[in-house]
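Peer 1: You'll find structure_3.txt just under this line, and it carries compact mmCIF, C-alpha atoms (C1' of nucleotides).
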# COMPACT_ATOMS: atom_id res chain seq x y z
CA MET P 43 28.12 -7.87 52.45
CA ASN P 44 29.82 -5.53 50.02
CA ARG P 45 31.37 -6.96 46.96
CA THR P 46 34.46 -6.17 44.96
CA ILE P 47 34.19 -6.88 41.27
CA VAL P 48 36.90 -6.45 38.69
CA ILE P 49 36.38 -6.03 34.97
CA CYS P 50 39.65 -6.37 33.10
CA GLY P 51 40.92 -7.36 29.67
CA ALA P 52 42.66 -5.92 26.67
CA THR P 53 42.07 -2.46 25.32
CA ALA P 54 38.98 -1.94 23.17
CA THR P 55 37.17 -5.03 24.40
CA GLY P 56 34.38 -2.90 25.85
CA LYS P 57 35.23 -2.93 29.54
CA SER P 58 33.90 0.52 30.38
CA ASP P 59 30.46 -0.11 28.93
CA ILE P 60 30.03 -3.46 30.59
CA ALA P 61 31.17 -1.98 33.87
CA ILE P 62 28.47 0.65 33.69
CA GLU P 63 25.81 -1.92 33.02
CA VAL P 64 27.00 -4.16 35.81
CA ALA P 65 27.20 -1.22 38.20
CA LEU P 66 23.68 -0.11 37.31
CA GLU P 67 22.34 -3.59 37.88
CA ILE P 68 23.87 -4.08 41.29
CA GLY P 69 24.00 -0.47 42.42
CA ALA P 70 27.77 -0.24 42.51
CA GLU P 71 30.32 2.53 42.12
CA ILE P 72 33.19 2.35 39.69
CA ILE P 73 36.90 2.70 40.35
CA ASN P 74 39.15 3.33 37.39
CA ALA P 75 42.14 1.01 37.00
CA ASP P 76 43.57 2.51 33.88
CA SER P 77 46.88 4.24 34.38
CA MET P 78 46.22 6.86 31.70
CA GLN P 79 42.62 7.74 32.48
CA LEU P 80 43.95 9.07 35.76
CA TYR P 81 45.05 12.14 33.88
CA ARG P 82 43.06 15.28 33.55
CA GLY P 83 42.67 16.32 29.96
CA MET P 84 43.48 12.92 28.51
CA ASP P 85 39.99 12.09 27.37
CA ILE P 86 39.72 11.31 23.69
CA GLY P 87 42.90 9.26 23.44
CA THR P 88 42.22 7.20 26.53
CA ALA P 89 38.63 6.51 25.49
CA LYS P 90 37.45 7.92 28.76
CA LEU P 91 33.69 7.64 29.07
CA PRO P 92 32.11 11.09 28.83
CA LEU P 93 29.99 12.09 31.79
CA GLU P 94 26.69 11.59 30.00
CA GLU P 95 27.61 8.03 29.18
CA ARG P 96 28.32 7.16 32.77
CA LYS P 97 24.59 7.04 33.36
CA GLY P 98 24.84 8.48 36.81
CA VAL P 99 27.17 5.80 38.12
CA PRO P 100 29.77 7.44 40.37
CA HIS P 101 33.28 7.06 38.97
CA HIS P 102 36.42 7.32 41.06
CA LEU P 103 40.04 7.94 40.17
CA LEU P 104 39.36 9.60 36.90
CA ASP P 105 41.03 12.96 36.31
CA VAL P 106 43.07 12.95 39.47
CA LEU P 107 46.49 13.77 38.05
CA ASP P 108 47.96 16.62 36.15
CA VAL P 109 49.71 15.67 32.97
CA THR P 110 53.01 16.88 34.38
CA GLN P 111 52.76 14.54 37.36
CA ASP P 112 53.99 10.98 37.29
CA SER P 113 51.77 8.13 38.26
CA THR P 114 53.15 5.27 40.32
CA VAL P 115 51.70 1.97 41.47
CA ALA P 116 52.39 2.59 45.12
CA TRP P 117 50.50 5.86 45.07
CA TYR P 118 47.66 4.31 43.11
CA GLN P 119 47.46 1.34 45.42
CA GLU P 120 46.85 3.42 48.49
CA LEU P 121 44.34 5.65 46.82
CA ALA P 122 42.41 2.87 45.15
CA ARG P 123 42.20 0.81 48.30
CA SER P 124 40.89 3.75 50.24
CA LYS P 125 38.24 4.20 47.56
CA VAL P 126 37.21 0.58 47.86
CA GLU P 127 36.88 0.99 51.61
CA GLU P 128 34.97 4.19 51.20
CA ILE P 129 32.47 2.61 48.86
CA HIS P 130 32.06 -0.44 51.02
CA ASN P 131 31.52 1.72 54.07
CA ARG P 132 28.79 3.42 52.17
CA GLY P 133 27.20 0.02 51.87
CA ARG P 134 27.77 -0.34 48.17
CA ASP P 135 29.69 -2.62 45.89
CA ALA P 136 32.83 -1.57 44.08
CA VAL P 137 33.49 -2.31 40.44
CA ILE P 138 37.12 -1.89 39.46
CA VAL P 139 37.55 -1.44 35.71
CA GLY P 140 40.69 -1.07 33.70
CA GLY P 141 43.43 -2.56 31.63
CA THR P 142 46.42 -1.84 33.80
CA GLY P 143 47.13 -5.27 35.20
CA LEU P 144 49.69 -4.23 37.73
CA TYR P 145 47.39 -1.63 39.20
CA ILE P 146 44.57 -4.11 39.62
CA LYS P 147 46.92 -6.60 41.22
CA ALA P 148 48.21 -3.89 43.51
CA ILE P 149 44.70 -3.36 44.85
CA LEU P 150 43.76 -6.99 45.23
CA ASP P 151 46.95 -8.64 46.37
CA ASP P 152 49.25 -8.04 49.26
CA LEU P 153 51.87 -6.29 47.26
CA ASN P 154 53.93 -3.88 49.23
CA PHE P 155 56.16 -1.46 47.52
CA PRO P 156 59.26 -0.40 49.39
CA ASP P 157 59.92 3.31 49.18
CA THR P 158 61.66 5.03 46.38
CA ASN P 159 64.45 7.52 46.69
CA PRO P 160 65.09 9.96 43.86
CA ASP P 161 68.70 10.54 44.86
CA ILE P 162 69.60 6.88 44.96
CA ARG P 163 67.79 6.30 41.73
CA ALA P 164 69.45 9.21 39.99
CA ARG P 165 72.81 7.94 41.13
CA LEU P 166 72.10 4.43 39.86
CA GLU P 167 70.95 5.80 36.54
CA LYS P 168 74.14 7.76 36.23
CA GLU P 169 76.20 4.71 37.12
CA ALA P 170 74.39 2.76 34.45
CA GLU P 171 75.36 5.39 31.92
CA ASN P 172 78.98 5.39 32.96
CA LEU P 173 79.62 1.76 33.78
CA GLY P 174 77.04 0.13 31.57
CA SER P 175 74.04 -1.90 32.54
CA ALA P 176 76.10 -5.09 32.70
CA ALA P 177 78.00 -3.72 35.69
CA LEU P 178 74.79 -3.02 37.55
CA PHE P 179 73.44 -6.41 36.73
CA GLY P 180 76.65 -7.92 38.08
CA ARG P 181 76.12 -6.08 41.31
CA LEU P 182 72.55 -7.36 41.51
CA GLU P 183 73.81 -10.90 41.00
CA GLU P 184 76.04 -10.48 44.02
CA LEU P 185 73.57 -8.74 46.30
CA ASP P 186 70.47 -10.71 45.38
CA PRO P 187 71.03 -13.76 43.16
CA ALA P 188 67.36 -14.65 43.23
CA ALA P 189 66.39 -11.27 41.87
CA ALA P 190 69.08 -11.44 39.21
CA LEU P 191 67.63 -14.72 38.09
CA ALA P 192 64.19 -13.24 37.71
CA ILE P 193 65.17 -10.02 35.99
CA ASP P 194 66.44 -9.88 32.43
CA ARG P 195 69.99 -8.63 32.29
CA ALA P 196 68.99 -6.10 29.68
CA ASN P 197 66.07 -4.67 31.59
CA LEU P 198 67.86 -1.73 33.10
CA ARG P 199 64.76 -0.22 34.56
CA ARG P 200 64.01 -3.22 36.71
CA ILE P 201 67.65 -3.73 37.63
CA ILE P 202 67.82 -0.18 38.94
CA ARG P 203 64.64 -0.56 40.94
CA ALA P 204 65.91 -3.78 42.51
CA LEU P 205 69.20 -2.14 43.48
CA GLU P 206 67.33 0.85 44.81
CA VAL P 207 65.18 -1.33 47.06
CA ILE P 208 68.19 -3.25 48.30
CA GLU P 209 69.92 -0.03 49.22
CA ILE P 210 66.91 1.50 50.93
CA THR P 211 65.76 -1.54 52.86
CA GLY P 212 69.13 -3.15 53.46
CA GLN P 213 67.51 -6.40 52.40
CA PRO P 214 67.48 -8.34 49.19
CA PHE P 215 64.87 -7.19 46.72
CA THR P 216 63.20 -10.58 46.81
CA ALA P 217 62.76 -10.34 50.59
CA ASN P 218 59.93 -7.93 49.99
CA LEU P 219 58.00 -10.22 47.75
CA PRO P 220 55.09 -12.10 49.28
CA ARG P 221 55.73 -15.77 49.95
CA GLU P 222 52.60 -16.86 48.20
CA ASP P 223 49.63 -15.25 46.59
CA SER P 224 47.86 -13.57 49.42
CA SER P 225 44.87 -11.58 48.52
CA ARG P 226 43.61 -8.58 50.36
CA TYR P 227 40.17 -9.04 48.88
CA PRO P 228 39.83 -12.83 48.72
CA ASP P 229 36.21 -12.61 47.71
CA ALA P 230 36.81 -10.31 44.77
CA LEU P 231 35.37 -11.57 41.54
CA GLN P 232 37.48 -10.95 38.49
CA PHE P 233 36.04 -10.97 35.00
CA GLY P 234 38.14 -10.72 31.88
CA LEU P 235 36.74 -9.71 28.53
CA VAL P 236 38.22 -11.50 25.52
CA MET P 237 37.81 -11.16 21.80
CA ASN P 238 39.46 -12.85 18.91
CA ARG P 239 42.42 -11.00 17.47
CA GLU P 240 40.90 -10.09 14.15
CA LYS P 241 37.84 -8.61 15.72
CA LEU P 242 39.91 -6.74 18.23
CA ARG P 243 42.12 -5.39 15.51
CA GLU P 244 39.13 -4.03 13.66
CA ARG P 245 37.78 -2.44 16.79
CA ILE P 246 41.11 -0.84 17.58
CA ASP P 247 41.45 0.54 14.05
CA LEU P 248 37.98 1.95 14.13
CA ARG P 249 38.45 3.41 17.55
CA VAL P 250 41.66 5.19 16.56
CA GLU P 251 39.99 6.62 13.46
CA ARG P 252 37.17 7.93 15.63
CA MET P 253 39.61 9.45 18.09
CA TRP P 254 41.20 11.30 15.22
CA ASP P 255 37.85 12.55 14.01
CA ALA P 256 36.94 13.59 17.52
CA GLY P 257 39.89 15.95 17.72
CA PHE P 258 42.60 13.82 19.28
CA ILE P 259 45.32 16.03 17.81
CA SER P 260 44.00 19.22 19.31
CA GLU P 261 43.59 17.48 22.65
CA VAL P 262 47.27 16.62 22.55
CA ASP P 263 48.15 20.13 21.41
CA SER P 264 46.59 21.61 24.49
CA LEU P 265 48.32 19.05 26.69
CA ILE P 266 51.63 19.95 25.10
CA ALA P 267 50.85 23.52 26.08
CA GLN P 268 50.18 22.26 29.59
CA GLY P 269 53.59 20.63 29.75
CA ILE P 270 52.85 16.98 29.12
CA GLU P 271 56.44 16.54 28.01
CA GLU P 272 57.70 17.44 31.46
CA GLY P 273 56.24 14.33 33.03
CA SER P 274 57.41 10.86 32.14
CA THR P 275 54.22 8.84 32.41
CA ALA P 276 51.53 10.69 30.51
CA GLN P 277 53.55 11.51 27.43
CA ARG P 278 54.11 7.84 26.72
CA ALA P 279 50.45 7.01 26.39
CA LEU P 280 49.29 5.39 23.18
CA GLY P 281 48.53 7.96 20.56
CA TYR P 282 49.79 10.80 22.71
CA ALA P 283 53.38 9.73 22.18
CA GLN P 284 52.77 9.46 18.45
CA ILE P 285 51.10 12.84 18.12
CA ILE P 286 53.85 14.46 20.16
CA ALA P 287 56.38 12.92 17.76
CA MET P 288 54.33 14.24 14.89
CA ARG P 289 54.37 17.75 16.33
CA LYS P 290 58.12 17.49 16.64
CA GLY P 291 58.22 16.78 12.95
CA LEU P 292 59.55 13.26 13.41
CA ILE P 293 56.67 11.53 11.67
CA SER P 294 53.75 12.47 9.46
CA GLU P 295 50.16 12.57 10.62
CA ASP P 296 49.44 9.46 8.66
CA GLU P 297 52.30 7.65 10.30
CA ALA P 298 51.18 8.85 13.71
CA ARG P 299 47.73 7.43 13.18
CA GLU P 300 48.94 4.09 11.86
CA GLU P 301 51.57 3.81 14.57
CA THR P 302 48.91 4.42 17.16
CA LYS P 303 46.90 1.52 15.82
CA ARG P 304 49.90 -0.74 15.76
CA ALA P 305 51.05 0.23 19.24
CA SER P 306 47.54 -0.41 20.51
CA ARG P 307 47.55 -3.88 19.03
CA GLN P 308 50.86 -4.63 20.67
CA TYR P 309 49.57 -3.29 23.94
CA ALA P 310 46.51 -5.51 23.73
CA ARG P 311 48.78 -8.51 23.33
CA ARG P 312 50.80 -7.59 26.39
CA GLN P 313 47.63 -7.13 28.37
CA GLU P 314 46.39 -10.56 27.41
CA THR P 315 49.67 -12.10 28.41
CA TRP P 316 49.53 -10.40 31.77
CA PHE P 317 45.94 -11.27 32.58
CA SER P 318 46.26 -14.81 31.33
CA ARG P 319 48.54 -15.59 34.24
CA ASP P 320 45.89 -14.84 36.81
CA THR P 321 43.90 -18.00 37.29
CA ARG P 322 41.27 -16.21 39.34
CA ILE P 323 39.97 -14.38 36.32
CA GLN P 324 36.78 -15.74 34.79
CA TRP P 325 36.85 -15.13 31.08
CA VAL P 326 33.87 -13.91 29.17
CA THR P 327 33.95 -14.21 25.40
CA GLU P 328 32.18 -12.01 22.89
CA GLU P 329 29.86 -14.84 21.90
CA GLN P 330 28.41 -14.96 25.36
CA PRO P 331 25.78 -12.48 26.50
CA ARG P 332 28.37 -10.68 28.55
CA LEU P 333 26.25 -8.78 30.99
CA GLU P 334 24.01 -11.74 31.80
CA THR P 335 26.98 -14.06 32.15
CA ILE P 336 28.68 -11.75 34.58
CA LEU P 337 25.55 -11.01 36.60
CA LYS P 338 24.80 -14.68 36.89
CA LYS P 339 28.20 -15.36 38.34
CA ILE P 340 28.00 -12.42 40.69
CA ASN P 341 24.69 -13.58 42.06
CA SER P 342 25.47 -17.24 42.34
C1' G Y 93 66.43 -3.81 -30.95
C1' G Y 94 70.93 -2.22 -27.95
C1' U Y 95 73.71 -0.75 -23.42
C1' C Y 96 73.97 -0.44 -18.31
C1' G Y 97 71.96 -1.20 -13.36
C1' G Y 98 68.69 -4.04 -10.24
C1' A Y 99 66.16 -8.51 -8.45
C1' U Y 100 67.50 -10.84 -0.84
C1' G Y 101 62.46 -13.66 4.38
C1' G Y 102 55.39 -10.13 5.27
C1' C Y 103 58.13 -5.17 4.56
C1' C Y 104 62.78 -2.23 4.68
C1' G Y 105 67.79 -3.34 4.12
C1' A Y 106 73.34 -4.90 4.43
C1' G Y 107 76.51 -8.58 2.70
C1' A Y 108 79.94 -9.41 -2.67
C1' G Y 109 82.94 -17.35 -2.39
C1' G Y 110 83.31 -20.41 3.49
C1' C Y 111 80.02 -21.17 11.01
C1' G Y 112 71.92 -18.35 8.19
C1' A Y 113 73.76 -8.89 9.40
C1' G Y 114 70.31 -5.77 11.27
C1' G Y 115 65.66 -3.12 11.70
C1' C Y 116 60.29 -3.18 11.43
C1' A Y 117 55.90 -6.11 11.36
C1' A Y 118 53.83 -10.77 13.27
C1' G Y 119 53.55 -14.54 17.12
C1' G Y 120 54.95 -16.14 22.07
C1' G Y 121 56.71 -14.71 26.92
C1' A Y 122 58.46 -11.97 31.46
C1' C Y 123 56.70 -8.43 34.96
C1' U Y 124 56.12 -5.67 42.86
C1' G Y 125 57.25 2.55 42.61
C1' C Y 126 57.67 5.55 35.02
C1' A Y 127 53.33 -0.60 33.68
C1' A Y 128 49.49 2.54 27.41
C1' A Y 129 56.19 1.44 30.58
C1' U Y 130 60.50 -1.77 30.37
C1' C Y 131 62.56 -6.23 28.68
C1' C Y 132 63.27 -11.43 26.56
C1' C Y 133 62.44 -15.35 22.84
C1' U Y 134 60.83 -17.19 17.91
C1' C Y 135 60.15 -16.44 12.65
C1' U Y 136 66.90 -19.92 8.13
C1' A Y 137 65.59 -15.45 2.84
C1' C Y 138 68.66 -14.59 -1.22
C1' A Y 139 63.93 -14.18 -9.14
C1' C Y 140 64.40 -18.90 -12.27
C1' G Y 141 67.48 -22.75 -14.96
C1' G Y 142 72.20 -24.48 -15.80
C1' G Y 143 77.53 -24.33 -14.78
C1' U Y 144 82.50 -23.41 -12.07
C1' U Y 145 84.30 -24.74 -7.02
C1' C Y 146 85.83 -28.90 -1.55
C1' A Y 147 82.32 -24.63 -0.72
C1' A Y 148 77.94 -19.66 -4.25
C1' A Y 149 73.09 -15.07 -1.97
C1' U Y 150 78.05 -13.85 -3.52
C1' C Y 151 81.81 -16.05 -9.83
C1' C Y 152 80.23 -17.63 -15.20
C1' C Y 153 76.21 -18.59 -19.01
C1' G Y 154 71.19 -18.27 -20.22
C1' U Y 155 65.89 -16.96 -19.01
C1' U Y 156 62.13 -13.77 -16.79
C1' C Y 157 60.75 -9.27 -14.56
C1' C Y 158 61.82 -4.01 -13.05
C1' G Y 159 64.43 0.70 -13.89
C1' A Y 160 67.52 4.12 -16.60
C1' C Y 161 69.63 5.50 -20.96
C1' C Y 162 70.57 4.83 -26.41
C1' U Y 163 68.75 3.82 -31.46
Would you give me this structure, written as structure tokens?

Peer 2:
Amino acid sequence: MNRTIVICGATATGKSDIAIEVALEIGAEIINADSMQLYRGMDIGTAKLPLEERKGVPHHLLDVLDVTQDSTVAWYQELARSKVEEIHNRGRDAVIVGGTGLYIKAILDDLNFPDTNPDIRARLEKEAENLGSAALFGRLEELDPAAALAIDRANLRRIIRALEVIEITGQPFTANLPREDSSRYPDALQFGLVMNREKLRERIDLRVERMWDAGFISEVDSLIAQGIEEGSTAQRALGYAQIIAMRKGLISEDEAREETKRASRQYARRQETWFSRDTRIQWVTEEQPRLETILKKINS
RNA sequence: GGUCGGAUGGCCGAGAGGCGAGGCAAGGGACUGCAAAUCCCUCUACACGGGUUCAAAUCCCGUUCCGACCU
């Protein structure tokens, strides 16, 4: 019986380390569920565990994209699921670790993502520019009132995607949503790591300082040379975006570093909001002996 | 000692008599193909004391503090 275990939570809560320990204990392999650690060359700024710290535990979906390529959930979903199957077929357990909530959900739940079409999307984006986002939202209200209700009228990105899906599938956007929560891996155990805000803030600050000392700037410099600005996903990563802005002369190094800390804090908040909605997650606080707590639940 | 200019919410910053600009930060929230993204909500301030007025952050008087200049 092969298990699927998820370790999630906000950034800087120590997910990677716990995952290694858990994996060592139960003989599992690790699948990365962090949208930015997918990128080759994004090591320091994403706090990617160096090889020697992985203690021999096989890691999957690390360094699988070039910085110029865009990551998407649909692509990730397929790949990650095939990795889970692969590991299970090998008779081992899979530990999924990461802070990208949507990606984790995409593995576990029966989310299906209707295709995308660059032409349609480009056209919609152009229309938004010319007619304004209000016009597109109006169209969405007509074509799919339920979707319009669920999407903020100012959230152009989601409005465009909804219209794109409607056009491609010929059905309302909401028709593609699952009726109820149906899980592909019903037995998956999800653990969430939590820390109080103050503590987390300190850890984030410290971590960013260390990244700087470890040569974060030169890492970004070489990625700029590799064309990170051509892609749209990688260049928005925390810290990377700030250092790119710094290299463009928009902000000082000091500002870049402080902005990175602040953006990380805000990100952590968004992550907590996201994960807090999932009632399947079992939360583990910092006061608890985390590894033991998790192992106990896995084995019970 | 004198003259002039300031003093606005955690920070920045407009307003210059009449339904509490705005931005950032902070907190809360949403979320099915860019998710470390995108977006929404909340946070009633005007240095202090008097006065004028139906109405003052906005006008008048005084006080305190800051800055510039003068002696």

Peer 1: So which residues touch Lys147 in chain P within 10 Å, counting all atoms listed in the file, skipping near sequence neighbours fewer than 6 positions away, as a PyMOL selection string?

Peer 2: (chain P and resi 75+115+119+153+225-226+317+320) or (chain Y and resi 124)

Peer 1: Residues of chain P within 7 Å of chain Y, using all atoms listed in the file, as a PyMOL selection string?

Peer 2: chain P and resi 78+112+114-116+144+153-155+158+194+196-197+199+219+274-275+279-280+309

Peer 1: Any idea what the distance is between CA of His102 in chain P and CA of Asn44 in chain P?

Peer 2: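 That distance, rounded to one decimal, is 17.0 Å.
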
Peer 1: Quick check, in Å to one decimal: how far apart do CA of Phe179 in chain P and CA of Ile202 in chain P lie?

Peer 2: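 Here the two named atoms are 8.7 Å from each other.
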
Peer 1: List the spatial neighbours of range 166-177 of chain P as JSON, numbers by chain - criterion: any atom at most 12 Å away, all atoms listed in the file, same-chain residues fewer than 4 positions off excluded.

Peer 2: {"P": [159, 160, 161, 162, 181, 182, 183, 184, 190, 194, 195, 196, 197, 198, 199, 200, 201, 202, 203, 204, 205, 206, 207, 209]}

Peer 1: Deliver the residues from the most recent selection as a file, using C-alpha atoms, as a CSV table (one decimal), in the coordinates of the input.

Peer 2:
chain,number,residue,atom,x,y,z
P,159,ASN,CA,64.4,7.5,46.7
P,160,PRO,CA,65.1,10.0,43.9
P,161,ASP,CA,68.7,10.5,44.9
P,162,ILE,CA,69.6,6.9,45.0
P,181,ARG,CA,76.1,-6.1,41.3
P,182,LEU,CA,72.6,-7.4,41.5
P,183,GLU,CA,73.8,-10.9,41.0
P,184,GLU,CA,76.0,-10.5,44.0
P,190,ALA,CA,69.1,-11.4,39.2
P,194,ASP,CA,66.4,-9.9,32.4
P,195,ARG,CA,70.0,-8.6,32.3
P,196,ALA,CA,69.0,-6.1,29.7
P,197,ASN,CA,66.1,-4.7,31.6
P,198,LEU,CA,67.9,-1.7,33.1
P,199,ARG,CA,64.8,-0.2,34.6
P,200,ARG,CA,64.0,-3.2,36.7
P,201,ILE,CA,67.6,-3.7,37.6
P,202,ILE,CA,67.8,-0.2,38.9
P,203,ARG,CA,64.6,-0.6,40.9
P,204,ALA,CA,65.9,-3.8,42.5
P,205,LEU,CA,69.2,-2.1,43.5
P,206,GLU,CA,67.3,0.8,44.8
P,207,VAL,CA,65.2,-1.3,47.1
P,209,GLU,CA,69.9,0.0,49.2

Peer 1: Select all residues near (65.3, -6.2, 12.4) (cut-off 12 Å, inclusive, file coordinates), counting all atoms listed in the file, and output them as a PyMOL selection string.

Peer 2: chain Y and resi 101+103-106+113-117+135

Peer 1: Please indicate the distance in Å from C1' of C96 in chain Y to C1' of C140 in chain Y, rounded to one decimal place.

Peer 2: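 So the answer is 21.7 Å.
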
Peer 1: Given 3 Å on each side, where is the centre and what are the edge lengths in Å to one decimal of the axis-aligned box enclosing the listed atoms of range 87-97 of chain P, as lines of an AutoDock Vina configuration file?

Peer 2:
center_x = 33.7
center_y = 9.3
center_z = 28.4
size_x = 24.3
size_y = 11.6
size_z = 15.9

Peer 1: Counting all atoms listed in the file, note down every residue that has an atom within 12 Å of the point (49.8, 9.8, 21.1) (file coordinates), as a ChimeraX atom specification.

Peer 2: /P:78,84-88,250,253-254,258-263,265-266,270-271,276-289,293,295,297-306 /Y:128

Peer 1: Restricting the calculation to all atoms listed in the file: of Y:G94, Y:U134, Y:A139, Y:A99, which residue gets closest to G159 in chain Y?

Peer 2: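 Checking each of Y:G94, Y:U134, Y:A139, Y:A99 against G159 in chain Y, counting all atoms listed in the file, the winner is Y:A99.
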
Peer 1: Excluding Thr46 in chain P and residues on its chain fewer than 2 positions from it, collect all residues at most 10 Å away from it, counting all atoms listed in the file, and give them as a list in words.

Peer 2: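 Within the cut-off, the hits are Met43, Asn44, Val48, Ala70, Val126, Ile129, His130, Arg134, Asp135, Ala136, Val137, Ile138, Leu150, Tyr227, Pro228, Asp229, Ala230, Leu231, Gln232 and Ile340 of chain P.
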
Peer 1: Convert the current residue selection to file output with C-alpha atoms, as a CSV table (one decimal), in the coordinates of the input.

Peer 2:
chain,number,residue,atom,x,y,z
P,43,MET,CA,28.1,-7.9,52.4
P,44,ASN,CA,29.8,-5.5,50.0
P,48,VAL,CA,36.9,-6.4,38.7
P,70,ALA,CA,27.8,-0.2,42.5
P,126,VAL,CA,37.2,0.6,47.9
P,129,ILE,CA,32.5,2.6,48.9
P,130,HIS,CA,32.1,-0.4,51.0
P,134,ARG,CA,27.8,-0.3,48.2
P,135,ASP,CA,29.7,-2.6,45.9
P,136,ALA,CA,32.8,-1.6,44.1
P,137,VAL,CA,33.5,-2.3,40.4
P,138,ILE,CA,37.1,-1.9,39.5
P,150,LEU,CA,43.8,-7.0,45.2
P,227,TYR,CA,40.2,-9.0,48.9
P,228,PRO,CA,39.8,-12.8,48.7
P,229,ASP,CA,36.2,-12.6,47.7
P,230,ALA,CA,36.8,-10.3,44.8
P,231,LEU,CA,35.4,-11.6,41.5
P,232,GLN,CA,37.5,-11.0,38.5
P,340,ILE,CA,28.0,-12.4,40.7
